[in-house]
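Reproduced below: target29.cif, with mmCIF, C-alpha atoms.
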data_input
#
loop_
_atom_site.group_PDB
_atom_site.id
_atom_site.type_symbol
_atom_site.label_atom_id
_atom_site.label_comp_id
_atom_site.auth_asym_id
_atom_site.auth_seq_id
_atom_site.Cartn_x
_atom_site.Cartn_y
_atom_site.Cartn_z
ATOM 1 C CA MET A 177 0.000 0.000 0.000
ATOM 2 C CA ASN A 178 1.320 3.444 -0.880
ATOM 3 C CA LEU A 179 0.625 6.641 1.018
ATOM 4 C CA GLU A 180 -0.184 8.806 -1.993
ATOM 5 C CA PHE A 181 -3.322 10.531 -0.802
ATOM 6 C CA LYS A 182 -4.297 13.876 -2.281
ATOM 7 C CA THR A 183 -6.751 15.043 0.373
ATOM 8 C CA VAL A 184 -6.894 13.720 3.928
ATOM 9 C CA PHE A 185 -9.459 14.455 6.616
ATOM 10 C CA VAL A 186 -8.712 13.841 10.289
ATOM 11 C CA LEU A 187 -11.823 13.735 12.481
ATOM 12 C CA ALA A 188 -10.946 14.897 15.988
ATOM 13 C CA PRO A 189 -13.691 14.925 18.625
ATOM 14 C CA HIS A 190 -11.502 17.270 20.705
ATOM 15 C CA ALA A 191 -8.425 19.427 20.277
ATOM 16 C CA ASP A 192 -5.339 17.174 20.772
ATOM 17 C CA ASP A 193 -6.911 13.909 19.512
ATOM 18 C CA LEU A 194 -5.231 14.290 16.111
ATOM 19 C CA GLU A 195 -1.794 14.775 17.642
ATOM 20 C CA PHE A 196 -2.061 11.770 19.960
ATOM 21 C CA GLY A 197 -3.839 9.447 17.557
ATOM 22 C CA CYS A 198 -1.962 9.999 14.316
ATOM 23 C CA GLY A 199 0.499 12.872 14.645
ATOM 24 C CA GLY A 200 3.366 10.878 13.150
ATOM 25 C CA LEU A 201 1.341 9.785 10.134
ATOM 26 C CA ILE A 202 0.055 13.330 9.560
ATOM 27 C CA ALA A 203 3.621 14.682 9.592
ATOM 28 C CA ARG A 204 4.639 12.000 7.090
ATOM 29 C CA LEU A 205 1.643 12.628 4.802
ATOM 30 C CA ALA A 206 2.126 16.407 4.880
ATOM 31 C CA ASP A 207 5.792 15.996 3.953
ATOM 32 C CA SER A 208 4.676 13.804 1.039
ATOM 33 C CA GLY A 209 2.419 16.543 -0.330
ATOM 34 C CA SER A 210 -1.012 15.526 0.978
ATOM 35 C CA ASP A 211 -3.449 18.298 1.863
ATOM 36 C CA ILE A 212 -4.458 17.635 5.482
ATOM 37 C CA TYR A 213 -7.680 19.046 6.898
ATOM 38 C CA SER A 214 -8.541 18.706 10.572
ATOM 39 C CA LEU A 215 -12.210 18.670 11.591
ATOM 40 C CA VAL A 216 -12.450 19.361 15.322
ATOM 41 C CA PHE A 217 -15.878 19.059 16.892
ATOM 42 C CA SER A 218 -15.297 20.355 20.419
ATOM 43 C CA ALA A 219 -12.436 22.617 21.498
ATOM 44 C CA ALA A 220 -12.194 24.359 24.862
ATOM 45 C CA GLU A 221 -11.262 28.009 24.427
ATOM 46 C CA GLU A 222 -7.831 27.642 26.052
ATOM 47 C CA ARG A 223 -6.944 24.816 23.695
ATOM 48 C CA LYS A 224 -7.693 26.611 20.413
ATOM 49 C CA GLU A 225 -4.433 28.556 20.283
ATOM 50 C CA GLU A 226 -2.526 25.441 21.365
ATOM 51 C CA MET A 227 -4.230 23.473 18.600
ATOM 52 C CA ILE A 228 -3.322 26.017 15.920
ATOM 53 C CA LYS A 229 0.363 25.842 16.932
ATOM 54 C CA ALA A 230 0.286 22.041 17.025
ATOM 55 C CA SER A 231 -1.407 21.796 13.632
ATOM 56 C CA SER A 232 1.192 24.100 12.111
ATOM 57 C CA ILE A 233 4.029 21.879 13.355
ATOM 58 C CA LEU A 234 2.452 18.793 11.763
ATOM 59 C CA GLY A 235 1.669 20.490 8.456
ATOM 60 C CA VAL A 236 -2.124 20.590 8.664
ATOM 61 C CA LYS A 237 -3.390 22.812 5.844
ATOM 62 C CA LYS A 238 -6.545 24.020 7.589
ATOM 63 C CA THR A 239 -8.489 23.293 10.782
ATOM 64 C CA PHE A 240 -12.260 23.547 10.983
ATOM 65 C CA ILE A 241 -13.713 23.927 14.499
ATOM 66 C CA PHE A 242 -17.408 23.215 15.020
ATOM 67 C CA ASN A 243 -17.688 24.317 18.688
ATOM 68 C CA LEU A 244 -20.050 21.612 19.912
ATOM 69 C CA PRO A 245 -20.263 20.887 23.670
ATOM 70 C CA ILE A 246 -17.621 18.535 25.012
ATOM 71 C CA ARG A 247 -18.837 15.135 26.298
ATOM 72 C CA ASN A 248 -22.237 15.852 24.793
ATOM 73 C CA LEU A 249 -21.813 15.153 21.089
ATOM 74 C CA GLY A 250 -24.497 12.462 21.258
ATOM 75 C CA LYS A 251 -27.189 15.153 21.264
ATOM 76 C CA HIS A 252 -25.836 16.541 17.996
ATOM 77 C CA ARG A 253 -25.492 13.417 15.856
ATOM 78 C CA GLN A 254 -27.535 14.679 12.920
ATOM 79 C CA ALA A 255 -25.757 18.041 12.886
ATOM 80 C CA ILE A 256 -22.406 16.212 12.918
ATOM 81 C CA LEU A 257 -23.450 13.961 10.046
ATOM 82 C CA ASP A 258 -24.687 16.956 8.041
ATOM 83 C CA LYS A 259 -21.382 18.793 8.580
ATOM 84 C CA LEU A 260 -19.364 15.746 7.541
ATOM 85 C CA ILE A 261 -21.374 15.233 4.357
ATOM 86 C CA LYS A 262 -21.069 18.911 3.464
ATOM 87 C CA MET A 263 -17.298 18.814 3.988
ATOM 88 C CA LYS A 264 -17.025 15.582 2.002
ATOM 89 C CA GLU A 265 -18.838 17.099 -0.965
ATOM 90 C CA LYS A 266 -16.653 20.213 -0.879
ATOM 91 C CA PHE A 267 -13.207 18.599 -0.481
ATOM 92 C CA LYS A 268 -13.696 14.980 -1.653
ATOM 93 C CA PRO A 269 -11.088 13.349 0.637
ATOM 94 C CA ASP A 270 -9.528 10.085 -0.459
ATOM 95 C CA LEU A 271 -8.556 9.159 3.121
ATOM 96 C CA VAL A 272 -10.393 9.825 6.396
ATOM 97 C CA ILE A 273 -8.726 9.104 9.747
ATOM 98 C CA GLN A 274 -10.991 9.026 12.794
ATOM 99 C CA PRO A 275 -11.253 7.467 16.273
ATOM 100 C CA CYS A 276 -11.089 3.679 16.198
ATOM 101 C CA LEU A 277 -14.256 1.641 16.648
ATOM 102 C CA ASN A 278 -13.275 0.363 20.115
ATOM 103 C CA ASP A 279 -12.683 3.806 21.634
ATOM 104 C CA ILE A 280 -14.772 3.983 24.822
ATOM 105 C CA HIS A 281 -14.957 7.789 25.119
ATOM 106 C CA GLN A 282 -18.546 8.832 24.419
ATOM 107 C CA ASP A 283 -17.615 11.693 22.058
ATOM 108 C CA HIS A 284 -15.139 9.504 20.172
ATOM 109 C CA GLN A 285 -17.804 6.845 19.675
ATOM 110 C CA ILE A 286 -20.179 9.376 18.116
ATOM 111 C CA ILE A 287 -17.579 10.717 15.692
ATOM 112 C CA ALA A 288 -16.484 7.183 14.733
ATOM 113 C CA MET A 289 -20.040 6.095 13.915
ATOM 114 C CA GLU A 290 -20.996 9.270 12.046
ATOM 115 C CA GLY A 291 -17.735 9.063 10.122
ATOM 116 C CA ILE A 292 -18.678 5.591 8.893
ATOM 117 C CA ARG A 293 -22.069 6.877 7.794
ATOM 118 C CA ALA A 294 -20.728 9.968 6.026
ATOM 119 C CA PHE A 295 -17.748 8.456 4.193
ATOM 120 C CA LYS A 296 -19.160 5.274 2.704
ATOM 121 C CA GLY A 297 -16.988 5.361 -0.420
ATOM 122 C CA THR A 298 -13.758 6.527 1.195
ATOM 123 C CA ASN A 299 -10.712 4.873 2.769
ATOM 124 C CA LEU A 300 -11.389 5.006 6.502
ATOM 125 C CA TRP A 301 -8.821 4.291 9.228
ATOM 126 C CA GLY A 302 -9.267 4.410 13.009
ATOM 127 C CA TYR A 303 -6.498 5.884 15.162
ATOM 128 C CA GLU A 304 -5.371 4.735 18.580
ATOM 129 C CA VAL A 305 -5.829 6.812 21.730
ATOM 130 C CA LEU A 306 -4.404 4.343 24.219
ATOM 131 C CA ALA A 307 -6.077 5.789 27.328
ATOM 132 C CA ASN A 308 -9.503 5.174 25.720
ATOM 133 C CA ASN A 309 -9.004 1.642 24.418
ATOM 134 C CA LEU A 310 -9.753 -1.448 26.497
ATOM 135 C CA ILE A 311 -8.889 -3.382 23.332
ATOM 136 C CA PHE A 312 -7.460 -2.135 20.054
ATOM 137 C CA ASP A 313 -8.101 -4.181 16.938
ATOM 138 C CA PHE A 314 -5.418 -2.938 14.556
ATOM 139 C CA GLN A 315 -4.560 -4.290 11.124
ATOM 140 C CA LEU A 316 -2.463 -1.463 9.706
ATOM 141 C CA PHE A 317 0.957 -0.263 10.840
ATOM 142 C CA ILE A 318 2.458 2.888 9.356
ATOM 143 C CA LYS A 319 6.204 3.326 9.691
ATOM 144 C CA ILE A 320 7.276 6.756 10.892
ATOM 145 C CA ASN A 321 10.791 8.119 11.190
ATOM 146 C CA GLU A 322 12.560 10.179 13.848
ATOM 147 C CA THR A 323 11.547 13.463 12.194
ATOM 148 C CA ASP A 324 7.868 12.439 12.132
ATOM 149 C CA LEU A 325 8.022 11.414 15.781
ATOM 150 C CA GLU A 326 9.789 14.623 16.821
ATOM 151 C CA LYS A 327 7.058 16.670 15.126
ATOM 152 C CA LYS A 328 4.402 14.624 16.925
ATOM 153 C CA ILE A 329 6.082 15.211 20.287
ATOM 154 C CA LYS A 330 6.535 18.947 19.635
ATOM 155 C CA ALA A 331 2.881 19.230 18.573
ATOM 156 C CA ILE A 332 1.695 17.481 21.741
ATOM 157 C CA GLU A 333 3.934 19.727 23.852
ATOM 158 C CA CYS A 334 1.918 22.720 22.570
ATOM 159 C CA TYR A 335 -0.937 21.658 24.861
ATOM 160 C CA LYS A 336 0.337 23.350 28.008
ATOM 161 C CA SER A 337 -3.199 23.324 29.431
ATOM 162 C CA GLN A 338 -3.010 19.522 29.533
ATOM 163 C CA ASN A 339 0.329 19.210 31.340
ATOM 164 C CA HIS A 340 -1.347 17.321 34.185
ATOM 165 C CA ARG A 341 -2.144 14.422 31.845
ATOM 166 C CA ARG A 342 0.298 11.523 32.248
ATOM 167 C CA TYR A 343 0.053 10.602 28.581
ATOM 168 C CA LEU A 344 1.696 13.904 27.581
ATOM 169 C CA ASP A 345 4.999 12.431 28.766
ATOM 170 C CA GLU A 346 7.564 12.250 25.959
ATOM 171 C CA ASP A 347 8.856 8.885 27.192
ATOM 172 C CA PHE A 348 5.352 7.434 26.916
ATOM 173 C CA ILE A 349 4.859 8.776 23.369
ATOM 174 C CA ARG A 350 8.236 7.429 22.257
ATOM 175 C CA SER A 351 7.651 4.105 23.985
ATOM 176 C CA LEU A 352 4.338 3.508 22.217
ATOM 177 C CA ALA A 353 5.921 4.363 18.848
ATOM 178 C CA LYS A 354 8.744 1.919 19.651
ATOM 179 C CA VAL A 355 6.308 -0.848 20.669
ATOM 180 C CA ARG A 356 4.332 -0.460 17.451
ATOM 181 C CA GLY A 357 7.607 -0.396 15.523
ATOM 182 C CA VAL A 358 8.911 -3.572 17.182
ATOM 183 C CA GLN A 359 5.716 -5.351 16.141
ATOM 184 C CA ILE A 360 6.654 -4.850 12.474
ATOM 185 C CA GLY A 361 10.448 -4.838 12.701
ATOM 186 C CA SER A 362 10.729 -1.065 12.356
ATOM 187 C CA ARG A 363 12.172 1.608 14.639
ATOM 188 C CA TYR A 364 8.874 3.503 15.052
ATOM 189 C CA ALA A 365 5.293 3.086 13.881
ATOM 190 C CA GLU A 366 1.701 4.047 14.518
ATOM 191 C CA ALA A 367 -1.125 1.497 14.399
ATOM 192 C CA PHE A 368 -4.578 1.847 12.862
ATOM 193 C CA ASN A 369 -7.871 0.050 12.700
ATOM 194 C CA VAL A 370 -8.842 -0.493 9.029
ATOM 195 C CA ILE A 371 -12.532 0.344 8.940
ATOM 196 C CA ARG A 372 -12.843 0.536 5.177
ATOM 197 C CA GLU A 373 -10.371 0.157 2.320
ATOM 198 C CA VAL A 374 -11.460 1.234 -1.161
ATOM 199 C CA LEU A 375 -9.314 -0.047 -4.032
#

Once more with this new file: its structure as structure tokens, please.
Amino acid sequence: MNLEFKTVFVLAPHADDLEFGCGGLIARLADSGSDIYSLVFSAAEERKEEMIKASSILGVKKTFIFNLPIRNLGKHRQAILDKLIKMKEKFKPDLVIQPCLNDIHQDHQIIAMEGIRAFKGTNLWGYEVLANNLIFDFQLFIKINETDLEKKIKAIECYKSQNHRRYLDEDFIRSLAKVRGVQIGSRYAEAFNVIREVL
């Protein structure tokens, strides 16, 4: 499988989900010339500036923020679906990356299910947010290099408001990338749930 995608959407229930879930892949895709668009559904005010800095580090072309209430996306399912379909028709992404299907966070579950509904004819991968996964059913490993990983770490470090979170630790981020890399005989990798592959 090649990574030649023209237009990529990343569905992020909250600011910082993109960076944790697939920051290395996004850095790699951006360096390869893909246009990356981040669709963020709920972003606390203090995180918006952090998110803009983080997105810039990773090479995200544009971020769309929909300002829905955090931990309450379930009440806005139809509005979310309508927004996704509208964005799909405008940009026609050939890859969509979203929360994996086993993510137990209530907002992540909503975005994962509405993503499946909206992007029926599109490659659809689920990213890993380890703190939210009791199990993670992954079939796809993407190799990332030191530069990709450094960009991911620097992007995550932009979230100063989240410094109390243990998973912001650089050692943890590097360790997970190493574990996923060891599983495929590579130095570093990120793992994904293949929800739909369109050939």

Give me the result of the PyMOL selection byres ((chain A and resi 178) around 12) on this file, residue by residue, as a PyMOL selection string.
chain A and resi 177+179-182+205+208+318-319+375

Got a sec to resolve the PyMOL selection byres ((chain A and resi 292) around 10) on this structure and send the residues as a ChimeraX atom specification?
/A:257,272,274,277,287-291,293-298,300-301,371-372

I'd like the contact shell of Ile233 of chain A - 8 Å cut-off, only C-alpha atoms, skipping same-chain residues fewer than 2 positions apart - returned as a PDB file with C-alpha atoms, in the frame of the given file.
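This went into out_3.pdb:
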ATOM      1  CA  LYS A 229       0.363  25.842  16.932  1.00  0.00           C
ATOM      2  CA  ALA A 230       0.286  22.041  17.025  1.00  0.00           C
ATOM      3  CA  SER A 231      -1.407  21.796  13.632  1.00  0.00           C
ATOM      4  CA  GLY A 235       1.669  20.490   8.456  1.00  0.00           C
ATOM      5  CA  VAL A 236      -2.124  20.590   8.664  1.00  0.00           C
ATOM      6  CA  LYS A 327       7.058  16.670  15.126  1.00  0.00           C
ATOM      7  CA  LYS A 330       6.535  18.947  19.635  1.00  0.00           C
ATOM      8  CA  ALA A 331       2.881  19.230  18.573  1.00  0.00           C
TER       9      ALA A 331
END

Record the distance separating atom CA of Glu226 of chain A and atom CA of Thr239 of chain A, expressed in Å with one decimal.
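So the answer is 12.3 Å.
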
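For the residues A:Asn299, A:Ser232, A:Gln285, A:Asn308, ranking by smallest atom-to-atom distance to Phe196 of chain A using all atoms listed in the file places A:Asn308 first.
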
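The smallest atom-to-atom distance between Glu221 of chain A and any of A:Arg342, A:Lys354, A:Arg363, A:His190, using all atoms listed in the file, is found for A:His190.
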
Selection result of the PyMOL selection byres ((chain A and resi 223) around 9) on this file, as a ChimeraX atom specification
/A:191-192,219-222,224-228,335-338

Can you list, as a tab-separated table (two decimals) with C-alpha atoms, in the frame of the given file, every protein, DNA or RNA residue that comes within 9 Å of Ala365 of chain A when you count only C-alpha atoms, leaving out same-chain residues fewer than 6 positions away?
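The new file out.tsv reads:
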chain	number	residue	atom	x	y	z
A	200	GLY	CA	3.37	10.88	13.15
A	201	LEU	CA	1.34	9.78	10.13
A	317	PHE	CA	0.96	-0.26	10.84
A	318	ILE	CA	2.46	2.89	9.36
A	319	LYS	CA	6.20	3.33	9.69
A	320	ILE	CA	7.28	6.76	10.89
A	321	ASN	CA	10.79	8.12	11.19
A	325	LEU	CA	8.02	11.41	15.78
A	352	LEU	CA	4.34	3.51	22.22
A	353	ALA	CA	5.92	4.36	18.85
A	354	LYS	CA	8.74	1.92	19.65
A	355	VAL	CA	6.31	-0.85	20.67
A	356	ARG	CA	4.33	-0.46	17.45
A	357	GLY	CA	7.61	-0.40	15.52
A	358	VAL	CA	8.91	-3.57	17.18
A	359	GLN	CA	5.72	-5.35	16.14

Where is the centre and how long are the edges: axis-aligned box on segment 202-214 of chain A, 4 Å on each side, Å to one decimal, as lines of an AutoDock Vina configuration file:
center_x = -1.4
center_y = 15.5
center_z = 5.1
size_x = 22.3
size_y = 15.0
size_z = 18.9

I'd like to know which of A:Glu304, A:Asp345, A:Glu265, A:Asp270 is closest to His284 of chain A, using all atoms listed in the file.
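Once distances to His284 of chain A are computed over all atoms listed in the file, the minimum belongs to A:Glu304.
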
With distances taken over all atoms listed in the file, which of A:Ile246, A:Ala255, A:Cys276, A:Met263 is nearest to Ser214 of chain A?
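Selected residue with least distance to Ser214 of chain A: A:Met263.
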
Can you work out which one of A:Glu373, A:Asp258, A:Asp324, A:Asp279 has the shortest atom-to-atom distance to Leu234 of chain A, counting only C-alpha atoms?
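For Leu234 of chain A, the nearest of the candidates is A:Asp324.
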
Please, what distance in Å, to one decimal, runs between atom CA of Glu195 of chain A and atom CA of Lys328 of chain A?
6.2 Å

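The spacing separating atom CA of Glu322 of chain A from atom CA of Leu344 of chain A amounts to 17.9 Å.
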
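Of the residues under consideration (A:Gln254, A:Ser351, A:Asn278, A:Asn248), A:Asn278 shows the shortest atom-to-atom contact distance to Phe314 of chain A when counting all atoms listed in the file.
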
Determine, counting all atoms listed in the file, which protein, DNA and RNA residues have an atom within 7 Å of an atom of Gln315 of chain A; residues of the same chain fewer than 3 positions away are not included. Present the result as a list in words.
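Contacts, in chain order: Phe368, Asn369 and Val370 of chain A.
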
May I have the residues within 7 Å of Leu187 of chain A as a ChimeraX atom specification, using all atoms listed in the file and disregarding those fewer than 2 positions away in the same chain?
/A:185,189,214-216,273-274

Counting all atoms listed in the file, write as a PyMOL selection string all protein and nucleic acid residues lying at most 6 Å from (-18.8, 11.8, 24.6) in the file's frame.
chain A and resi 247-249+281-283
